[in-house]
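Student: What follows is a structure written as structure tokens; I'll ask about it next.
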Amino acid sequence: MKLLAAAVATLIALGPGSAGADAGSIGVGAAPGAEGAGDPYFPQQGNGGYDATHYDLALGYEPGSNQLSGVATITARATQELSRFDLDLVDTLAVRSVVVNGAAASFRRSGPELVVTPPGRLASGRPFSVVVRYDGKPTYLVDPDGSHDGWIRTDDGVFNANEPQGAMTWYPGNHHMTDKATYRFTVTVPSTRVAVANGDLASKTSQGGRTTYVWDEREPMASYLSTVTIGKFQLSDTKIGNFRVITAVDPRNAAKAGDFAKRHKPILDYFGSLFGPYPFSSTGGIIDRASDVGYSLETQTRPIYPQVPSEPLLSHELAHQWFGDAVTPTRWKDIWLNEGFATYAEWLWQDKLGTKKLQDSFDEAYSRAPEDEFWQTPAADPGGAAGLFGDPVYSRGAMTLHVLRGAVGDRAFFTILRTWVNDHKYGNADTAAFIALAQRVSGRDLGTLFDQWLFQRGKPTL
Ligand SMILES: [Zn+2]
């Protein structure tokens, strides 16, 4: 969830892109990889010509000075014959060397693009490795909606949330959601601090006042869902039922957090019964102390919260593990597939708990007057990057699902949701695919329903 009180459009100034064709004479068919993945909301995000399959990030960090040093080893596969390719990395971090397939590569910077020219062409369909050594003092980006994302310093470390574009503030990569990869994070920090990342804690070793944490994320992950959050934390790694629950709680929030780990199982059990099995090898969450951040994020396996989450918020971020993390949109404009679904799941959990009836949640959202500005934004096309996390994406998205459920009935509705996860988990899918699935499962023409609720301006009639 990224819910913002005020949306101020402050587009970050991205430098000019790398210029078009250059020395591509290495191989007959070799050409530069594209500088972006083609997403209209963030044109330079991601890169073309290759598919990253694994990130091995070895990081050292000093919270006092904000000094980060990194060695990023990226395993990828060329999807075209490449004369050169780009990685996304902000130019405030210094790149010391780039090695491709064991040989030194030349590189240059062009805004947030790190342009790499390997000594020889990279053959289409073949795997290759890139090792980038870099360092510097990372900072956050200001997103088009005014929120901060990326490397956000706290008084004891870093609150690291990367939706939609913060990953490039701390490691080089192919940072569009369509290029998922597995990860290993090896993070060394002063022993007074804890480094928390996605997936499973593989090891923790201390030497000379410094501690190294190794985390493995074995399921494919979009980079906006990655995190390396650092601070003074109470770390807990426990088994509850079938779930490995790893939590990190800022000690100043410990009393209010209570038994945070224990809160996960009932929600995951319920969602598992509705959406299909929990899709990852571990779960949990990070409760930091960063009230100025203003949002929580569904970082894969381990959502991050700037304070102790309420029950609806906790359920929202856990629902994202199915909707957003396991199944990820193909374009940012389809973000309702994350936020509308997580909001609807939040309504379902409150209904299950008996704290608020599902129909009351719908009625409350629908009761907005027809002239309310809210109805002027279609849920499946919020108009641009500044509207990504606006209320229509969340509430109108959730209402769409409730109306769909009413139209097709409970049995078909939950079959649609389970099939959606099962068919696309660890991958990406778009709104058109969801509509097609809903029509196939229900045997109904739902074109008018979806058009009215997702694509048209104005208050839909019931
Ligand atoms: Zn959300």
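Here, A, B, ... name the chains of the structure tokens in the order displayed, residue numbers run from 1 inside each chain, and ligands are numbered from 1 in the same displayed order.
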Could you pull out the residues sitting within 9 Å of ligand 1, using only C-alpha atoms and all ligand atoms, and write them as a list of chain:residue names?
Tutor: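 Going residue by residue within 9 Å of ligand 1, we get A:Met1, A:Lys2, A:Leu3, A:Ser296, A:Leu297, A:Glu298, A:Leu313, A:His316, A:Glu317, A:Ala319, A:His320, A:Gly324, A:Asn338, A:Glu339, A:Gly340, A:Phe341, A:Ala342, A:Thr343, A:Phe389, A:Tyr394.
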Student: Write to file, as a PDB file, in the first residue's frame, the residues of the selection just made, with C-alpha atoms.
Tutor:
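Ended up saving to result.pdb:
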ATOM      1  CA  MET A   1       0.000   0.000   0.000  1.00  0.00           C
ATOM      2  CA  LYS A   2       1.116   3.465  -0.688  1.00  0.00           C
ATOM      3  CA  LEU A   3      -1.543   5.809   0.582  1.00  0.00           C
ATOM      4  CA  SER A 296       3.734   0.874   4.200  1.00  0.00           C
ATOM      5  CA  LEU A 297       4.840  -1.426   1.395  1.00  0.00           C
ATOM      6  CA  GLU A 298       4.238  -5.082   0.534  1.00  0.00           C
ATOM      7  CA  LEU A 313      -3.343  -2.586   7.064  1.00  0.00           C
ATOM      8  CA  HIS A 316      -3.811  -5.470   3.103  1.00  0.00           C
ATOM      9  CA  GLU A 317      -0.052  -5.984   2.877  1.00  0.00           C
ATOM     10  CA  ALA A 319      -2.985  -9.976   0.612  1.00  0.00           C
ATOM     11  CA  HIS A 320      -0.460  -8.311  -1.685  1.00  0.00           C
ATOM     12  CA  GLY A 324       1.122  -7.777  -6.584  1.00  0.00           C
ATOM     13  CA  ASN A 338      -2.484  -4.845  -6.817  1.00  0.00           C
ATOM     14  CA  GLU A 339      -4.306  -2.173  -4.863  1.00  0.00           C
ATOM     15  CA  GLY A 340      -7.921  -2.937  -5.724  1.00  0.00           C
ATOM     16  CA  PHE A 341      -7.387  -6.600  -4.819  1.00  0.00           C
ATOM     17  CA  ALA A 342      -5.522  -5.853  -1.572  1.00  0.00           C
ATOM     18  CA  THR A 343      -8.210  -3.364  -0.564  1.00  0.00           C
ATOM     19  CA  PHE A 389      -1.595   5.416  -5.582  1.00  0.00           C
ATOM     20  CA  TYR A 394      -7.772   1.347  -4.333  1.00  0.00           C
TER      21      TYR A 394
END
Student: DSSP on the backbone: which residues in range 182-295 of chain A end up as alpha helix (DSSP H)? Give the answer as a JSON list (two decimals) with C-alpha atoms, in the first residue's frame.
Tutor:
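out-v9.json, freshly written:
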[["chain", "number", "residue", "atom", "x", "y", "z"],
["A", 254, "ALA", "CA", 8.00, -3.43, 20.75],
["A", 255, "ALA", "CA", 5.48, -2.83, 23.53],
["A", 256, "LYS", "CA", 2.79, -1.69, 21.13],
["A", 257, "ALA", "CA", 3.64, -4.43, 18.59],
["A", 264, "HIS", "CA", 0.20, -13.37, 10.61],
["A", 265, "LYS", "CA", -1.07, -16.96, 10.64],
["A", 266, "PRO", "CA", -4.84, -16.32, 11.02],
["A", 267, "ILE", "CA", -4.81, -13.85, 8.14],
["A", 268, "LEU", "CA", -2.67, -16.05, 5.89],
["A", 269, "ASP", "CA", -4.80, -19.10, 6.68],
["A", 270, "TYR", "CA", -7.96, -17.23, 5.74],
["A", 271, "PHE", "CA", -6.53, -15.77, 2.55],
["A", 272, "GLY", "CA", -5.05, -19.17, 1.68],
["A", 273, "SER", "CA", -8.55, -20.66, 1.88],
["A", 274, "LEU", "CA", -9.83, -18.00, -0.54],
["A", 275, "PHE", "CA", -6.93, -17.33, -2.93]]
Student: Within 9 Å of Pro40 in chain A, counting only C-alpha atoms, which residues show up once you throw out same-chain ones fewer than 5 positions away? Write them as a list in words, please.
Tutor: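 What passes the distance filter is Arg331, Trp332, Lys333, Gly384 and Ala385 of chain A.
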Student: Give me a file of those residues, with N, CA, C and O atoms, as a compact mmCIF listing (two decimals), in the first residue's frame.
Tutor:
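Once everything was written out, this is again30.txt:
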# COMPACT_ATOMS: atom_id res chain seq x y z
N ARG A 331 2.27 -3.45 -16.57
CA ARG A 331 2.45 -2.01 -16.74
C ARG A 331 1.93 -1.32 -15.49
O ARG A 331 0.98 -1.77 -14.87
N TRP A 332 2.52 -0.16 -15.18
CA TRP A 332 2.11 0.54 -13.96
C TRP A 332 0.64 0.96 -13.99
O TRP A 332 0.00 1.06 -12.95
N LYS A 333 0.09 1.23 -15.16
CA LYS A 333 -1.32 1.67 -15.20
C LYS A 333 -2.27 0.58 -14.70
O LYS A 333 -3.41 0.85 -14.35
N GLY A 384 -1.54 8.65 -15.18
CA GLY A 384 -0.11 8.95 -15.16
C GLY A 384 0.49 8.55 -13.83
O GLY A 384 -0.23 8.12 -12.91
N ALA A 385 1.80 8.70 -13.73
CA ALA A 385 2.50 8.22 -12.54
C ALA A 385 2.05 8.92 -11.26
O ALA A 385 2.09 8.33 -10.18
Student: List the neighbours of range 344-359 of chain A out to 6 Å using only C-alpha atoms; skip same-chain residues closer than 6 positions along the sequence, and give me the result as a list in words.
Tutor: Pro312, Ser315, His316 and Ala398 of chain A
Student: Could you produce a table of the residues of range 155-193 of chain A lying within 12 Å of range 61-66 of chain A, with the nearest pair of atoms per residue and their separation in Å rounded to one decimal, using only C-alpha atoms, ordered by chain and increasing residue number, as a tab-separated table?
Tutor:
residue	atom	partner	partner_atom	distance
A:Asp155	CA	A:Pro63	CA	8.7
A:Asp156	CA	A:Pro63	CA	6.7
A:Gly157	CA	A:Pro63	CA	5.1
A:Val158	CA	A:Pro63	CA	7.6
A:Phe159	CA	A:Pro63	CA	11.4
A:Trp170	CA	A:Tyr61	CA	11.1
A:Thr186	CA	A:Tyr61	CA	11.0
A:Val187	CA	A:Tyr61	CA	7.6
A:Thr188	CA	A:Tyr61	CA	6.4
A:Val189	CA	A:Tyr61	CA	5.4
A:Pro190	CA	A:Glu62	CA	7.0
A:Ser191	CA	A:Glu62	CA	10.7
A:Thr192	CA	A:Pro63	CA	10.3
A:Arg193	CA	A:Pro63	CA	8.7
Student: Store the residues picked out above in a file with all heavy atoms, as a short mmCIF file (atom, residue, chain, number, x, y, z; two decimals), in the first residue's frame.
Tutor:
data_model
loop_
_atom_site.label_atom_id
_atom_site.label_comp_id
_atom_site.auth_asym_id
_atom_site.auth_seq_id
_atom_site.Cartn_x
_atom_site.Cartn_y
_atom_site.Cartn_z
N ASP A 155 16.71 7.40 11.98
CA ASP A 155 17.69 7.80 12.99
C ASP A 155 18.63 6.66 13.37
O ASP A 155 19.66 6.89 14.00
CB ASP A 155 17.00 8.41 14.22
CG ASP A 155 16.05 7.44 14.91
OD1 ASP A 155 15.93 6.28 14.47
OD2 ASP A 155 15.43 7.85 15.91
N ASP A 156 18.31 5.42 12.96
CA ASP A 156 19.22 4.32 13.29
C ASP A 156 19.59 3.46 12.07
O ASP A 156 20.17 2.39 12.23
CB ASP A 156 18.63 3.44 14.41
CG ASP A 156 17.30 2.79 14.01
OD1 ASP A 156 16.83 3.02 12.86
OD2 ASP A 156 16.73 2.06 14.83
N GLY A 157 19.23 3.90 10.88
CA GLY A 157 19.58 3.09 9.70
C GLY A 157 18.83 3.53 8.47
O GLY A 157 18.85 4.71 8.11
N VAL A 158 18.14 2.59 7.85
CA VAL A 158 17.47 2.85 6.58
C VAL A 158 16.11 2.18 6.53
O VAL A 158 15.99 0.99 6.88
CB VAL A 158 18.29 2.28 5.39
CG1 VAL A 158 17.65 2.66 4.07
CG2 VAL A 158 19.72 2.74 5.45
N PHE A 159 15.09 2.91 6.11
CA PHE A 159 13.78 2.36 5.76
C PHE A 159 13.82 2.24 4.24
O PHE A 159 13.87 3.24 3.54
CB PHE A 159 12.68 3.33 6.21
CG PHE A 159 11.27 2.89 5.92
CD1 PHE A 159 10.47 2.33 6.92
CD2 PHE A 159 10.70 3.09 4.66
CE1 PHE A 159 9.15 1.96 6.65
CE2 PHE A 159 9.39 2.72 4.39
CZ PHE A 159 8.61 2.16 5.40
N TRP A 170 19.93 2.22 -4.94
CA TRP A 170 20.93 1.47 -4.14
C TRP A 170 21.52 0.25 -4.82
O TRP A 170 22.50 -0.28 -4.33
CB TRP A 170 20.37 1.13 -2.76
CG TRP A 170 19.11 0.32 -2.74
CD1 TRP A 170 17.85 0.76 -2.98
CD2 TRP A 170 18.99 -1.08 -2.44
NE1 TRP A 170 16.94 -0.27 -2.87
CE2 TRP A 170 17.63 -1.42 -2.52
CE3 TRP A 170 19.91 -2.09 -2.09
CZ2 TRP A 170 17.14 -2.70 -2.29
CZ3 TRP A 170 19.43 -3.37 -1.86
CH2 TRP A 170 18.07 -3.66 -1.96
N THR A 186 23.74 -10.25 0.80
CA THR A 186 24.75 -10.44 1.84
C THR A 186 25.09 -9.05 2.36
O THR A 186 25.73 -8.26 1.65
CB THR A 186 25.99 -11.13 1.26
OG1 THR A 186 25.58 -12.37 0.65
CG2 THR A 186 27.02 -11.41 2.35
N VAL A 187 24.62 -8.73 3.56
CA VAL A 187 24.69 -7.35 4.04
C VAL A 187 25.48 -7.28 5.34
O VAL A 187 25.13 -7.95 6.32
CB VAL A 187 23.28 -6.76 4.25
CG1 VAL A 187 23.36 -5.26 4.51
CG2 VAL A 187 22.39 -7.03 3.05
N THR A 188 26.54 -6.48 5.34
CA THR A 188 27.38 -6.33 6.52
C THR A 188 27.16 -4.95 7.14
O THR A 188 27.29 -3.93 6.45
CB THR A 188 28.86 -6.53 6.14
OG1 THR A 188 29.00 -7.83 5.54
CG2 THR A 188 29.75 -6.43 7.37
N VAL A 189 26.82 -4.96 8.43
CA VAL A 189 26.52 -3.71 9.15
C VAL A 189 27.20 -3.76 10.52
O VAL A 189 27.60 -4.84 10.98
CB VAL A 189 24.98 -3.54 9.33
CG1 VAL A 189 24.30 -3.28 7.99
CG2 VAL A 189 24.36 -4.76 10.02
N PRO A 190 27.33 -2.62 11.19
CA PRO A 190 27.83 -2.66 12.57
C PRO A 190 26.95 -3.61 13.40
O PRO A 190 25.73 -3.66 13.19
CB PRO A 190 27.69 -1.22 13.04
CG PRO A 190 27.72 -0.40 11.78
CD PRO A 190 27.05 -1.25 10.74
N SER A 191 27.57 -4.32 14.34
CA SER A 191 26.81 -5.35 15.09
C SER A 191 25.71 -4.77 15.97
O SER A 191 24.87 -5.51 16.48
CB SER A 191 27.76 -6.20 15.91
OG SER A 191 28.60 -6.93 15.03
N THR A 192 25.69 -3.45 16.14
CA THR A 192 24.58 -2.82 16.87
C THR A 192 23.33 -2.73 16.00
O THR A 192 22.27 -2.34 16.48
CB THR A 192 24.98 -1.39 17.28
OG1 THR A 192 25.43 -0.69 16.10
CG2 THR A 192 26.09 -1.40 18.32
N ARG A 193 23.47 -3.07 14.72
CA ARG A 193 22.34 -2.96 13.79
C ARG A 193 21.97 -4.33 13.23
O ARG A 193 22.76 -5.28 13.29
CB ARG A 193 22.67 -2.03 12.62
CG ARG A 193 23.09 -0.64 13.01
CD ARG A 193 21.98 0.10 13.75
NE ARG A 193 22.19 1.54 13.76
CZ ARG A 193 22.95 2.19 14.63
NH1 ARG A 193 23.61 1.53 15.58
NH2 ARG A 193 23.08 3.51 14.55
#
Student: How many Å lie between CA of Ser291 in chain A and CA of Pro306 in chain A, rounded to one decimal?
Tutor: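 That distance, rounded to one decimal, is 5.5 Å.
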Student: Rounded to one decimal in Å, what is the spacing between CA of Ser129 in chain A and CA of Gly111 in chain A?
Tutor: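 Straight-line distance from CA of Ser129 in chain A to CA of Gly111 in chain A works out to 23.1 Å.
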Student: Please run DSSP on the backbone and report, as a list of chain:residue names, all residues within range 115-162 of chain A that come out as strand (DSSP E).
Tutor: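 Residues meeting the strand (DSSP E) criterion: A:Val115, A:Val116, A:Thr117, A:Pro127, A:Phe128, A:Ser129, A:Val130, A:Val131, A:Val132, A:Arg133, A:Tyr134, A:Asp135, A:Gly136, A:Tyr140, A:Leu141, A:Val142, A:His148, A:Asp149, A:Gly150, A:Trp151, A:Ile152, A:Arg153, A:Val158, A:Phe159, A:Asn160, A:Ala161.
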Student: Counting only C-alpha atoms, which of A:Ile152, A:Ile304, A:Leu401, A:Leu454 gets nearest to Trp375 in chain A?
Tutor: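 Looking at the shortest contact to Trp375 in chain A, the residue is A:Leu454.
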Student: May I ask which of the residues A:Ile240, A:Leu114, A:Ala123, A:Leu462 is the closest one to Val90 in chain A, counting only C-alpha atoms?
Tutor: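 Using only C-alpha atoms, Val90 in chain A sits closest to A:Leu114.
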Student: Name the residues in contact with Gly387 in chain A at a cut-off of 10 Å, using only C-alpha atoms, excluding same-chain residues fewer than 5 positions from it; report them as a ChimeraX atom specification.
Tutor: /A:7,9,144-145,333,377,379,381-382,392-393
Student: Ranking A:Arg289, A:Arg84, A:Arg184, A:Arg77 by minimum distance to Asn253 in chain A and counting only C-alpha atoms, which one comes first?
Tutor: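 Result for the nearest residue to Asn253 in chain A: A:Arg289.
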Student: Could you give me, as JSON lines, a per-residue list for range 327-355 of chain A showing, wherever an atom lies at most 9 Å from an atom of range 429-442 of chain A, the closest pair of atoms and their distance in Å to one decimal, using only C-alpha atoms and sorting by chain then residue number from low to high?
Tutor:
{"residue": "A:Val327", "atom": "CA", "partner": "A:Ala429", "partner_atom": "CA", "distance": 6.9}
{"residue": "A:Thr328", "atom": "CA", "partner": "A:Ala429", "partner_atom": "CA", "distance": 6.3}
{"residue": "A:Pro329", "atom": "CA", "partner": "A:Ala429", "partner_atom": "CA", "distance": 5.1}
{"residue": "A:Thr330", "atom": "CA", "partner": "A:Ala429", "partner_atom": "CA", "distance": 5.6}
{"residue": "A:Arg331", "atom": "CA", "partner": "A:Asp430", "partner_atom": "CA", "distance": 7.3}
{"residue": "A:Asp334", "atom": "CA", "partner": "A:Thr431", "partner_atom": "CA", "distance": 6.2}
{"residue": "A:Trp336", "atom": "CA", "partner": "A:Thr431", "partner_atom": "CA", "distance": 8.7}
{"residue": "A:Leu337", "atom": "CA", "partner": "A:Thr431", "partner_atom": "CA", "distance": 7.2}
